[in-house]
Amino acid sequence: MDRIKIVGGQQLHGTIPISGAKNATLPLMIASLLTDETLILENVPRLADVIQLQRILGNHGVDIMIAGKRPGDDPNAGRTVHISARAIIDTTAPYEMVSKMRASFSVVAPLLARKGEAKVSLPGGCAIGTRPVDLLIMALEKLGADIEIENGYVLARAPKGLRGGEIVFPKVTVGGTHTALMAAATAKGTTIIENAAREPEIGDLADCLIKMGAKISGAGTSRIVVDGVPKLHGARHSVLPDRIETGTYAMAVAMAGGDVLLQHARPELLQSALDVLVQSGTTVTPTNEGIRIARNGGGIAPVDVTTAPFPGFPTDLQAQLMALMTRAQGTSHITETIFENRFMHVQELARFGARIQLNGETATIEGVERLKGAPVMATDLRASVSLVIAALAAEGETMVNRVYHLDRGFERLEAKLAACGAAIERLSA
Ligand code: EPZ
C-alpha cells in the first residue's frame with residue numbers, strides 16, 4: 001500500500017491547477033445511462049472513484065472511450081471521456097461494485113427510467129456514517145416506482161414507466177436530489193422537488209441534462225421543476241472545478257504559509273469557506289485565473305464553524321479546517337451536523353500534538369504553538385487530506401498511511417503540492 005512522506009516547515013508558493021469536481025463527475029457519468037446517444041464529458045479528473053464508476057457502467061454495457069492527447073493539450077487539464085449507453089444489457093449493479101463506491105447506487109434512477117427495472121445493491125455504510133438511501137427510494141416511489149428490498153438489494157420496477165410527481169425531502173440530500181432529477185427528466189408529466197439540495201454539483205448535473213434535452217428550472221434553489229420529455233439525446237459538457245479540492249489547497253496554504261494561485265477555481269462555489277479563511281487571517285483574492293491564497297507571517301485566528309448544506313460551510317471541508325485550527329492562536333469550535341461520525345481524523349491529529357476535545361457533534365480545538373510529525377493513518381477521503389495539511393506545518397517527518405483514500409478524491413496531490421515547494425513524496429510499498 002502506498003504511503004506519503006512529508007517533512008513539514010516549507011511554505012507554498014506557485015500555482016495549483018484545480019481539477020474537475022469528483023462530486024459532479026460521478027452523477028454526470030451516471031446520467032449517460034439516460035440516453036442511447038453519446039455523452040461527452042470534458043475536464044474529467046483522474047481519480048480512483050472515476051475509474052471504479054467506469055467499471056460499474058461497463059457492467060451495464062456502457063462503452064467508454066478516453067480521448068487521447070491532442071496537440072497543445074494542457075497536461076494539467078482533465079480528460080475528455082465519451083460515454084455511450086447505446087444498449088443497457090444488464091440492469092444489476094452488484095454488491096462488490098457498489099460497496100466500493102457508494103455514489104454508484106444512483107444508477108438505480110436512470111436504469112429504472114430507461115429499462116423500467118433495476119436491481120442495485122444497497123451501498124452499505126462507510127467510515128463517516130450509516131449513509132442510508134431511504135430518501136432516494138422515497139423519491140423514486142413518488143414517481144411511480146415499485147421498490148422492494150431483498151437480500152441487501154433494492155429491486156425497483158416501473159413497467160409502465162415513471163410519471164411526474166411531488167417530492168418533498170424532509171432533509172437536504174445531494175444524492176436524493178440527483179436521483180430525483182435523473183428519474184424525473186424522462187418521466188411522463190411534471191415533477192416538483194421541494195427542499196432540493198443547492199450544491200453547485202446539482203446545478204452542473206441540471207445544466208448537462210438540459211443540454212441533453214431535459215426541461216428543468218430552479219436548479220440551485222430549493223425548489224426544482226422538471227417537465228418530463230420522451231427522450232434525451234447526447235451532449236457535450238465540461239465538469240465544473242472542484243470546490244472541495246479548492247478549499248483543501250486554500251487551507252493547506254493557510255497552514256503552511258505562502259502565496260499560491262488556485263488556477264480555474266471559482267469563488268462562488270465555496271464562498272462560505274473562503275469567508276472563514278479570511279476570518280482566520282488568510283488573504284483571499286479572486287483573480288481572472290482563479291483564486292489567490294496567501295498567509296505571510298500573520299498568525300492563524302481561531303474560528304467557530306457549523307457545517308451545513310450549501311451555501312453553508314461544507315462538511316467535506318470540516319476535517320481540513322480542523323487541521324488548520326490546531327495551530328490557531330486561541331480556541332476554535334467546529335460542529336458537524338451532516339454526518340454522525342465525521343470526527344475520525346481527531347485521534348490522528350492528536351498524534352501530531354493537537355489538542356482537540358469532542359463533545360457530541362462539537363469539537364473544541366485549543367490551538368498549539370507547534371505540531372510534531374508522526375506516523376498517521378487515513379480513515380476516509382477528507383480525513384486523510386487533513387493529515388497532509390497538518391503534516392505540512394509539523395516539525396519533522398510525517399508518514400501518512402493508507403493513501404488509497406486520498407487517491408479517491410485528489411488528483412496527483414503530492415505532485416501539485418511538491419510543485420509549490422512542499423517536501424512531499426509518495427513511497428510505493
Ligand atoms: C454527497 O453525498 C457527497 N458525495 C458527499 O461527499 C457530501 O459529504 C454529501 O453529499 C453532503 O454534501 C457525492 O456527491 C458523491 P447526502 P450524499 O445525501 O449524496 C442523510 C466526499 O467526501 N441521508 O446529501 O450521500 C445522510 O446520511 C463525500 O466527497 C439520509 O438520511 O450525501 C446525511 O446525514 C462524502 N437518507 C445527510 O442526509 C438518504 O436517503 C446528507 O447526505 C440520503 C441521505
# chains A, B, ... in the order shown; residues from 1 in each chain; ligands from 1
$ select_by_dssp --residues "region 49-188 of chain A" --states "strand (DSSP E or B)" --output "PDB file with N, CA and C atoms, in the first residue's frame"
ATOM      1  N   ASP A  63     -20.236   1.742 -23.185  1.00  0.00           N
ATOM      2  CA  ASP A  63     -18.894   1.881 -23.791  1.00  0.00           C
ATOM      3  C   ASP A  63     -18.308   3.226 -23.376  1.00  0.00           C
ATOM      4  N   ILE A  64     -17.035   3.178 -22.945  1.00  0.00           N
ATOM      5  CA  ILE A  64     -16.379   4.421 -22.509  1.00  0.00           C
ATOM      6  C   ILE A  64     -15.075   4.580 -23.271  1.00  0.00           C
ATOM      7  N   MET A  65     -14.908   5.726 -23.909  1.00  0.00           N
ATOM      8  CA  MET A  65     -13.664   5.998 -24.638  1.00  0.00           C
ATOM      9  C   MET A  65     -13.011   7.235 -24.015  1.00  0.00           C
ATOM     10  N   ILE A  66     -11.743   7.069 -23.634  1.00  0.00           N
ATOM     11  CA  ILE A  66     -10.989   8.207 -23.087  1.00  0.00           C
ATOM     12  C   ILE A  66     -10.218   8.823 -24.248  1.00  0.00           C
ATOM     13  N   ARG A  79      -9.477  14.980 -18.448  1.00  0.00           N
ATOM     14  CA  ARG A  79      -9.602  14.166 -19.665  1.00  0.00           C
ATOM     15  C   ARG A  79     -10.982  14.358 -20.303  1.00  0.00           C
ATOM     16  N   THR A  80     -11.030  14.099 -21.592  1.00  0.00           N
ATOM     17  CA  THR A  80     -12.330  14.103 -22.287  1.00  0.00           C
ATOM     18  C   THR A  80     -12.770  12.650 -22.437  1.00  0.00           C
ATOM     19  N   VAL A  81     -13.974  12.368 -21.955  1.00  0.00           N
ATOM     20  CA  VAL A  81     -14.460  10.983 -21.904  1.00  0.00           C
ATOM     21  C   VAL A  81     -15.763  10.880 -22.700  1.00  0.00           C
ATOM     22  N   HIS A  82     -15.797   9.924 -23.651  1.00  0.00           N
ATOM     23  CA  HIS A  82     -17.011   9.694 -24.447  1.00  0.00           C
ATOM     24  C   HIS A  82     -17.732   8.489 -23.851  1.00  0.00           C
ATOM     25  N   ILE A  83     -18.989   8.668 -23.444  1.00  0.00           N
ATOM     26  CA  ILE A  83     -19.715   7.579 -22.768  1.00  0.00           C
ATOM     27  C   ILE A  83     -20.972   7.259 -23.570  1.00  0.00           C
ATOM     28  N   SER A  84     -21.079   5.989 -24.025  1.00  0.00           N
ATOM     29  CA  SER A  84     -22.238   5.603 -24.849  1.00  0.00           C
ATOM     30  C   SER A  84     -22.981   4.436 -24.220  1.00  0.00           C
ATOM     31  N   THR A  92     -28.413  -4.891 -13.346  1.00  0.00           N
ATOM     32  CA  THR A  92     -27.986  -5.191 -11.971  1.00  0.00           C
ATOM     33  C   THR A  92     -26.662  -4.501 -11.663  1.00  0.00           C
ATOM     34  N   ALA A  93     -26.617  -3.827 -10.494  1.00  0.00           N
ATOM     35  CA  ALA A  93     -25.350  -3.257 -10.010  1.00  0.00           C
ATOM     36  C   ALA A  93     -24.976  -4.059  -8.759  1.00  0.00           C
ATOM     37  N   GLU A 117     -36.656  -1.217 -14.948  1.00  0.00           N
ATOM     38  CA  GLU A 117     -36.296  -2.094 -13.825  1.00  0.00           C
ATOM     39  C   GLU A 117     -34.841  -1.851 -13.431  1.00  0.00           C
ATOM     40  N   ALA A 118     -34.531  -2.202 -12.179  1.00  0.00           N
ATOM     41  CA  ALA A 118     -33.136  -2.093 -11.714  1.00  0.00           C
ATOM     42  C   ALA A 118     -32.985  -2.970 -10.471  1.00  0.00           C
ATOM     43  N   LYS A 119     -31.812  -3.612 -10.382  1.00  0.00           N
ATOM     44  CA  LYS A 119     -31.509  -4.374  -9.158  1.00  0.00           C
ATOM     45  C   LYS A 119     -30.153  -3.865  -8.682  1.00  0.00           C
ATOM     46  N   VAL A 120     -30.163  -3.032  -7.656  1.00  0.00           N
ATOM     47  CA  VAL A 120     -28.941  -2.349  -7.225  1.00  0.00           C
ATOM     48  C   VAL A 120     -28.661  -2.663  -5.764  1.00  0.00           C
ATOM     49  N   SER A 121     -27.423  -3.052  -5.496  1.00  0.00           N
ATOM     50  CA  SER A 121     -27.064  -3.372  -4.119  1.00  0.00           C
ATOM     51  C   SER A 121     -27.163  -2.123  -3.231  1.00  0.00           C
ATOM     52  N   CYS A 126     -20.231   3.685   5.584  1.00  0.00           N
ATOM     53  CA  CYS A 126     -18.794   3.937   5.366  1.00  0.00           C
ATOM     54  C   CYS A 126     -18.277   4.551   6.676  1.00  0.00           C
ATOM     55  N   GLY A 129     -20.385   7.384   8.393  1.00  0.00           N
ATOM     56  CA  GLY A 129     -21.760   7.247   8.867  1.00  0.00           C
ATOM     57  C   GLY A 129     -22.502   6.115   8.187  1.00  0.00           C
ATOM     58  N   ASP A 146     -42.140   0.844  -8.087  1.00  0.00           N
ATOM     59  CA  ASP A 146     -42.403  -0.141  -7.025  1.00  0.00           C
ATOM     60  C   ASP A 146     -41.049  -0.605  -6.516  1.00  0.00           C
ATOM     61  N   ILE A 147     -40.822  -0.458  -5.218  1.00  0.00           N
ATOM     62  CA  ILE A 147     -39.480  -0.773  -4.683  1.00  0.00           C
ATOM     63  C   ILE A 147     -39.602  -1.860  -3.614  1.00  0.00           C
ATOM     64  N   GLU A 148     -38.772  -2.886  -3.735  1.00  0.00           N
ATOM     65  CA  GLU A 148     -38.667  -3.890  -2.658  1.00  0.00           C
ATOM     66  C   GLU A 148     -37.198  -3.990  -2.268  1.00  0.00           C
ATOM     67  N   ILE A 149     -36.959  -4.383  -1.026  1.00  0.00           N
ATOM     68  CA  ILE A 149     -35.575  -4.610  -0.604  1.00  0.00           C
ATOM     69  C   ILE A 149     -35.437  -6.089  -0.251  1.00  0.00           C
ATOM     70  N   GLU A 150     -34.510  -6.774  -0.898  1.00  0.00           N
ATOM     71  CA  GLU A 150     -34.369  -8.224  -0.716  1.00  0.00           C
ATOM     72  C   GLU A 150     -32.882  -8.578  -0.719  1.00  0.00           C
ATOM     73  N   TYR A 153     -30.394  -5.995  -1.629  1.00  0.00           N
ATOM     74  CA  TYR A 153     -30.546  -5.319  -2.932  1.00  0.00           C
ATOM     75  C   TYR A 153     -31.859  -4.541  -2.969  1.00  0.00           C
ATOM     76  N   VAL A 154     -31.823  -3.422  -3.683  1.00  0.00           N
ATOM     77  CA  VAL A 154     -33.042  -2.679  -3.987  1.00  0.00           C
ATOM     78  C   VAL A 154     -33.538  -3.204  -5.324  1.00  0.00           C
ATOM     79  N   LEU A 155     -34.778  -3.761  -5.324  1.00  0.00           N
ATOM     80  CA  LEU A 155     -35.399  -4.220  -6.578  1.00  0.00           C
ATOM     81  C   LEU A 155     -36.425  -3.164  -6.958  1.00  0.00           C
ATOM     82  N   ALA A 156     -36.161  -2.453  -8.055  1.00  0.00           N
ATOM     83  CA  ALA A 156     -37.038  -1.350  -8.467  1.00  0.00           C
ATOM     84  C   ALA A 156     -37.691  -1.717  -9.794  1.00  0.00           C
ATOM     85  N   ARG A 157     -38.988  -1.430  -9.874  1.00  0.00           N
ATOM     86  CA  ARG A 157     -39.708  -1.695 -11.126  1.00  0.00           C
ATOM     87  C   ARG A 157     -40.618  -0.528 -11.467  1.00  0.00           C
ATOM     88  N   ARG A 163     -43.781   8.400 -13.712  1.00  0.00           N
ATOM     89  CA  ARG A 163     -44.644   9.542 -14.019  1.00  0.00           C
ATOM     90  C   ARG A 163     -44.272  10.676 -13.067  1.00  0.00           C
ATOM     91  N   GLU A 166     -44.805  14.936  -6.894  1.00  0.00           N
ATOM     92  CA  GLU A 166     -44.231  15.930  -5.990  1.00  0.00           C
ATOM     93  C   GLU A 166     -43.344  15.227  -4.971  1.00  0.00           C
ATOM     94  N   ILE A 167     -42.099  15.636  -4.905  1.00  0.00           N
ATOM     95  CA  ILE A 167     -41.139  15.058  -3.951  1.00  0.00           C
ATOM     96  C   ILE A 167     -40.771  16.139  -2.945  1.00  0.00           C
ATOM     97  N   VAL A 168     -41.058  15.867  -1.664  1.00  0.00           N
ATOM     98  CA  VAL A 168     -40.684  16.820  -0.614  1.00  0.00           C
ATOM     99  C   VAL A 168     -39.647  16.144   0.279  1.00  0.00           C
ATOM    100  N   LYS A 188     -43.308  10.793 -17.326  1.00  0.00           N
ATOM    101  CA  LYS A 188     -44.466  11.396 -18.030  1.00  0.00           C
ATOM    102  C   LYS A 188     -45.073  12.452 -17.104  1.00  0.00           C
TER     103      LYS A 188
END
$ residues_near_ligand --ligand "ligand 1" --cutoff "7 Å" --atoms "only C-alpha atoms and all ligand atoms" --output "PyMOL selection string"
chain A and resi 23-24+26+103+129-137+171-176+309+314-316+338-340+381-382+409
$ write_last_selection --atoms "N, CA, C and O atoms" --output "mmCIF file, in the first residue's frame"
data_model
loop_
_atom_site.group_PDB
_atom_site.id
_atom_site.type_symbol
_atom_site.label_atom_id
_atom_site.label_comp_id
_atom_site.auth_asym_id
_atom_site.auth_seq_id
_atom_site.Cartn_x
_atom_site.Cartn_y
_atom_site.Cartn_z
ATOM 1 N N ASN A 23 -17.439 15.187 -7.262
ATOM 2 C CA ASN A 23 -18.855 15.021 -6.918
ATOM 3 C C ASN A 23 -19.817 15.588 -7.955
ATOM 4 O O ASN A 23 -21.020 15.496 -7.786
ATOM 5 N N ALA A 24 -19.230 16.130 -9.042
ATOM 6 C CA ALA A 24 -20.047 16.438 -10.233
ATOM 7 C C ALA A 24 -19.839 15.341 -11.266
ATOM 8 O O ALA A 24 -20.779 14.862 -11.903
ATOM 9 N N LEU A 26 -19.169 12.144 -10.995
ATOM 10 C CA LEU A 26 -19.841 10.857 -10.758
ATOM 11 C C LEU A 26 -21.310 10.881 -11.199
ATOM 12 O O LEU A 26 -21.718 10.032 -12.006
ATOM 13 N N ALA A 103 -21.589 6.221 -4.294
ATOM 14 C CA ALA A 103 -22.335 7.126 -5.190
ATOM 15 C C ALA A 103 -22.909 6.350 -6.378
ATOM 16 O O ALA A 103 -23.856 6.796 -7.026
ATOM 17 N N GLY A 129 -20.385 7.384 8.393
ATOM 18 C CA GLY A 129 -21.760 7.247 8.867
ATOM 19 C C GLY A 129 -22.502 6.115 8.187
ATOM 20 O O GLY A 129 -21.976 5.457 7.292
ATOM 21 N N THR A 130 -23.774 5.913 8.581
ATOM 22 C CA THR A 130 -24.538 4.777 8.040
ATOM 23 C C THR A 130 -24.940 5.038 6.592
ATOM 24 O O THR A 130 -25.156 4.112 5.830
ATOM 25 N N ARG A 131 -25.052 6.279 6.213
ATOM 26 C CA ARG A 131 -25.301 6.675 4.818
ATOM 27 C C ARG A 131 -26.557 5.966 4.236
ATOM 28 O O ARG A 131 -26.476 5.248 3.255
ATOM 29 N N PRO A 132 -27.725 6.080 4.874
ATOM 30 C CA PRO A 132 -28.931 5.416 4.343
ATOM 31 C C PRO A 132 -29.321 5.972 2.969
ATOM 32 O O PRO A 132 -28.841 7.035 2.561
ATOM 33 N N VAL A 133 -30.166 5.244 2.255
ATOM 34 C CA VAL A 133 -30.653 5.708 0.948
ATOM 35 C C VAL A 133 -32.186 5.771 0.934
ATOM 36 O O VAL A 133 -32.806 5.770 -0.135
ATOM 37 N N ASP A 134 -32.774 5.840 2.138
ATOM 38 C CA ASP A 134 -34.249 5.835 2.230
ATOM 39 C C ASP A 134 -34.885 6.996 1.466
ATOM 40 O O ASP A 134 -35.972 6.849 0.889
ATOM 41 N N LEU A 135 -34.210 8.133 1.410
ATOM 42 C CA LEU A 135 -34.804 9.307 0.731
ATOM 43 C C LEU A 135 -34.690 9.180 -0.787
ATOM 44 O O LEU A 135 -35.554 9.652 -1.537
ATOM 45 N N LEU A 136 -33.647 8.480 -1.250
ATOM 46 C CA LEU A 136 -33.536 8.230 -2.698
ATOM 47 C C LEU A 136 -34.670 7.295 -3.119
ATOM 48 O O LEU A 136 -35.317 7.483 -4.151
ATOM 49 N N ILE A 137 -34.944 6.302 -2.265
ATOM 50 C CA ILE A 137 -36.017 5.346 -2.559
ATOM 51 C C ILE A 137 -37.372 6.049 -2.512
ATOM 52 O O ILE A 137 -38.221 5.861 -3.401
ATOM 53 N N LYS A 171 -35.144 16.247 4.598
ATOM 54 C CA LYS A 171 -33.849 16.870 4.885
ATOM 55 C C LYS A 171 -33.115 17.011 3.566
ATOM 56 O O LYS A 171 -33.393 16.292 2.601
ATOM 57 N N VAL A 172 -32.191 17.928 3.504
ATOM 58 C CA VAL A 172 -31.462 18.167 2.246
ATOM 59 C C VAL A 172 -30.577 16.958 1.950
ATOM 60 O O VAL A 172 -29.808 16.509 2.805
ATOM 61 N N THR A 173 -30.718 16.394 0.747
ATOM 62 C CA THR A 173 -29.869 15.268 0.355
ATOM 63 C C THR A 173 -29.381 15.487 -1.062
ATOM 64 O O THR A 173 -30.180 15.618 -2.000
ATOM 65 N N VAL A 174 -28.064 15.522 -1.234
ATOM 66 C CA VAL A 174 -27.460 15.703 -2.558
ATOM 67 C C VAL A 174 -27.788 14.504 -3.448
ATOM 68 O O VAL A 174 -28.314 14.655 -4.554
ATOM 69 N N GLY A 175 -27.539 13.305 -2.939
ATOM 70 C CA GLY A 175 -27.819 12.092 -3.732
ATOM 71 C C GLY A 175 -29.287 11.964 -4.034
ATOM 72 O O GLY A 175 -29.677 11.550 -5.143
ATOM 73 N N GLY A 176 -30.125 12.350 -3.099
ATOM 74 C CA GLY A 176 -31.569 12.279 -3.332
ATOM 75 C C GLY A 176 -31.998 13.234 -4.426
ATOM 76 O O GLY A 176 -32.817 12.881 -5.291
ATOM 77 N N PRO A 309 -25.701 22.315 4.744
ATOM 78 C CA PRO A 309 -25.831 22.173 3.285
ATOM 79 C C PRO A 309 -25.478 23.490 2.600
ATOM 80 O O PRO A 309 -25.501 24.556 3.213
ATOM 81 N N PRO A 314 -19.178 23.666 3.975
ATOM 82 C CA PRO A 314 -19.343 22.271 3.558
ATOM 83 C C PRO A 314 -18.739 21.256 4.520
ATOM 84 O O PRO A 314 -17.603 21.407 4.973
ATOM 85 N N THR A 315 -19.477 20.191 4.788
ATOM 86 C CA THR A 315 -18.969 19.115 5.644
ATOM 87 C C THR A 315 -17.688 18.516 5.059
ATOM 88 O O THR A 315 -16.821 18.056 5.793
ATOM 89 N N ASP A 316 -17.535 18.571 3.730
ATOM 90 C CA ASP A 316 -16.360 17.961 3.098
ATOM 91 C C ASP A 316 -15.094 18.776 3.318
ATOM 92 O O ASP A 316 -14.011 18.347 2.930
ATOM 93 N N ILE A 338 -23.940 17.210 9.465
ATOM 94 C CA ILE A 338 -24.397 16.415 8.323
ATOM 95 C C ILE A 338 -24.222 14.917 8.554
ATOM 96 O O ILE A 338 -25.134 14.127 8.336
ATOM 97 N N PHE A 339 -23.038 14.510 9.011
ATOM 98 C CA PHE A 339 -22.783 13.077 9.218
ATOM 99 C C PHE A 339 -22.521 12.804 10.684
ATOM 100 O O PHE A 339 -21.934 13.634 11.391
ATOM 101 N N GLU A 340 -22.926 11.579 11.098
ATOM 102 C CA GLU A 340 -22.894 11.277 12.541
ATOM 103 C C GLU A 340 -21.525 10.826 13.035
ATOM 104 O O GLU A 340 -21.293 10.729 14.208
ATOM 105 N N LEU A 381 -11.689 9.751 2.935
ATOM 106 C CA LEU A 381 -11.153 10.657 1.912
ATOM 107 C C LEU A 381 -10.749 12.011 2.472
ATOM 108 O O LEU A 381 -9.606 12.450 2.341
ATOM 109 N N ARG A 382 -11.628 12.694 3.166
ATOM 110 C CA ARG A 382 -11.326 14.067 3.587
ATOM 111 C C ARG A 382 -10.506 14.069 4.875
ATOM 112 O O ARG A 382 -9.653 14.926 5.071
ATOM 113 N N GLY A 409 -10.154 10.976 -4.226
ATOM 114 C CA GLY A 409 -10.745 12.291 -4.462
ATOM 115 C C GLY A 409 -9.783 13.417 -4.761
ATOM 116 O O GLY A 409 -10.216 14.540 -5.006
#
$ residues_around --residues "Asp304 (chain A)" --least-positions-apart "4" --cutoff "9 Å" --atoms "only C-alpha atoms" --output "PyMOL selection string"
chain A and resi 276+331-335
$ write_last_selection --atoms "N, CA and C atoms" --output "mmCIF file, in the first residue's frame"
data_model
loop_
_atom_site.group_PDB
_atom_site.id
_atom_site.type_symbol
_atom_site.label_atom_id
_atom_site.label_comp_id
_atom_site.auth_asym_id
_atom_site.auth_seq_id
_atom_site.Cartn_x
_atom_site.Cartn_y
_atom_site.Cartn_z
ATOM 1 N N VAL A 276 -14.585 32.022 5.921
ATOM 2 C CA VAL A 276 -13.986 31.501 7.158
ATOM 3 C C VAL A 276 -12.473 31.659 7.110
ATOM 4 N N THR A 331 -8.831 29.327 20.862
ATOM 5 C CA THR A 331 -9.671 28.132 20.849
ATOM 6 C C THR A 331 -10.783 28.259 19.807
ATOM 7 N N SER A 332 -10.958 27.198 19.016
ATOM 8 C CA SER A 332 -11.989 27.169 17.956
ATOM 9 C C SER A 332 -13.015 26.095 18.300
ATOM 10 N N HIS A 333 -14.201 26.220 17.689
ATOM 11 C CA HIS A 333 -15.241 25.190 17.830
ATOM 12 C C HIS A 333 -15.774 24.829 16.454
ATOM 13 N N ILE A 334 -15.807 23.545 16.156
ATOM 14 C CA ILE A 334 -16.330 23.077 14.861
ATOM 15 C C ILE A 334 -17.448 22.084 15.160
ATOM 16 N N THR A 335 -18.639 22.358 14.630
ATOM 17 C CA THR A 335 -19.788 21.477 14.835
ATOM 18 C C THR A 335 -20.167 20.826 13.511
#
$ residues_around --residues "Ala235 (chain A)" --least-positions-apart "6" --cutoff "12 Å" --atoms "only C-alpha atoms" --output "list in words"
Leu28, Ala31, Ser32, Leu34, Thr35, Asp36, Glu37, Thr38, Leu39, Ile40, Leu41, Glu42, Val81, His82, Ile83, Ser84, Asp207, Cys208, Leu209, Ile210, Lys211, Met212, Gly213 and Ala214 of chain A
$ closest_residue --among "A:Gly203, A:Gly228, A:Gly8, A:Pro286" --to "Gly189 (chain A)" --atoms "only C-alpha atoms"
A:Gly228
$ atom_distance --atom1 "CA of Pro94 (chain A)" --atom2 "CA of Ala48 (chain A)"
18.3 Å
$ residues_around --residues "region 319-329 of chain A" --least-positions-apart "6" --cutoff "8 Å" --atoms "only C-alpha atoms" --output "PyMOL selection string"
chain A and resi 248+251-252+254-255+299-303+343+345+349+354-356+365-371+382-383+385-387+389-390
$ atom_distance --atom1 "CA of Leu274 (chain A)" --atom2 "CA of Ala21 (chain A)"
17.5 Å
$ atom_distance --atom1 "CA of Leu181 (chain A)" --atom2 "CA of Ala145 (chain A)"
14.5 Å
$ closest_residue --among "A:Tyr95, A:His264, A:Met101, A:Gly281" --to "Asn151 (chain A)" --atoms "only C-alpha atoms"
A:Tyr95
$ closest_residue --among "A:Leu261, A:Ala85, A:Val400, A:Ile56" --to "Val98 (chain A)" --atoms "only C-alpha atoms"
A:Ile56
$ select_by_dssp --residues "region 97-178 of chain A" --states "alpha helix (DSSP H)" --output "VMD selection string"
chain A and resid 97 to 98 108 to 115 134 to 142 174 to 178
$ closest_residue --among "A:Met138, A:Ala256, A:Ala429, A:Leu112" --to "Asp90 (chain A)" --atoms "only C-alpha atoms"
A:Leu112
$ closest_residue --among "A:Met399, A:Ser99, A:Ala185, A:Pro75" --to "Gly125 (chain A)" --atoms "only C-alpha atoms"
A:Ser99
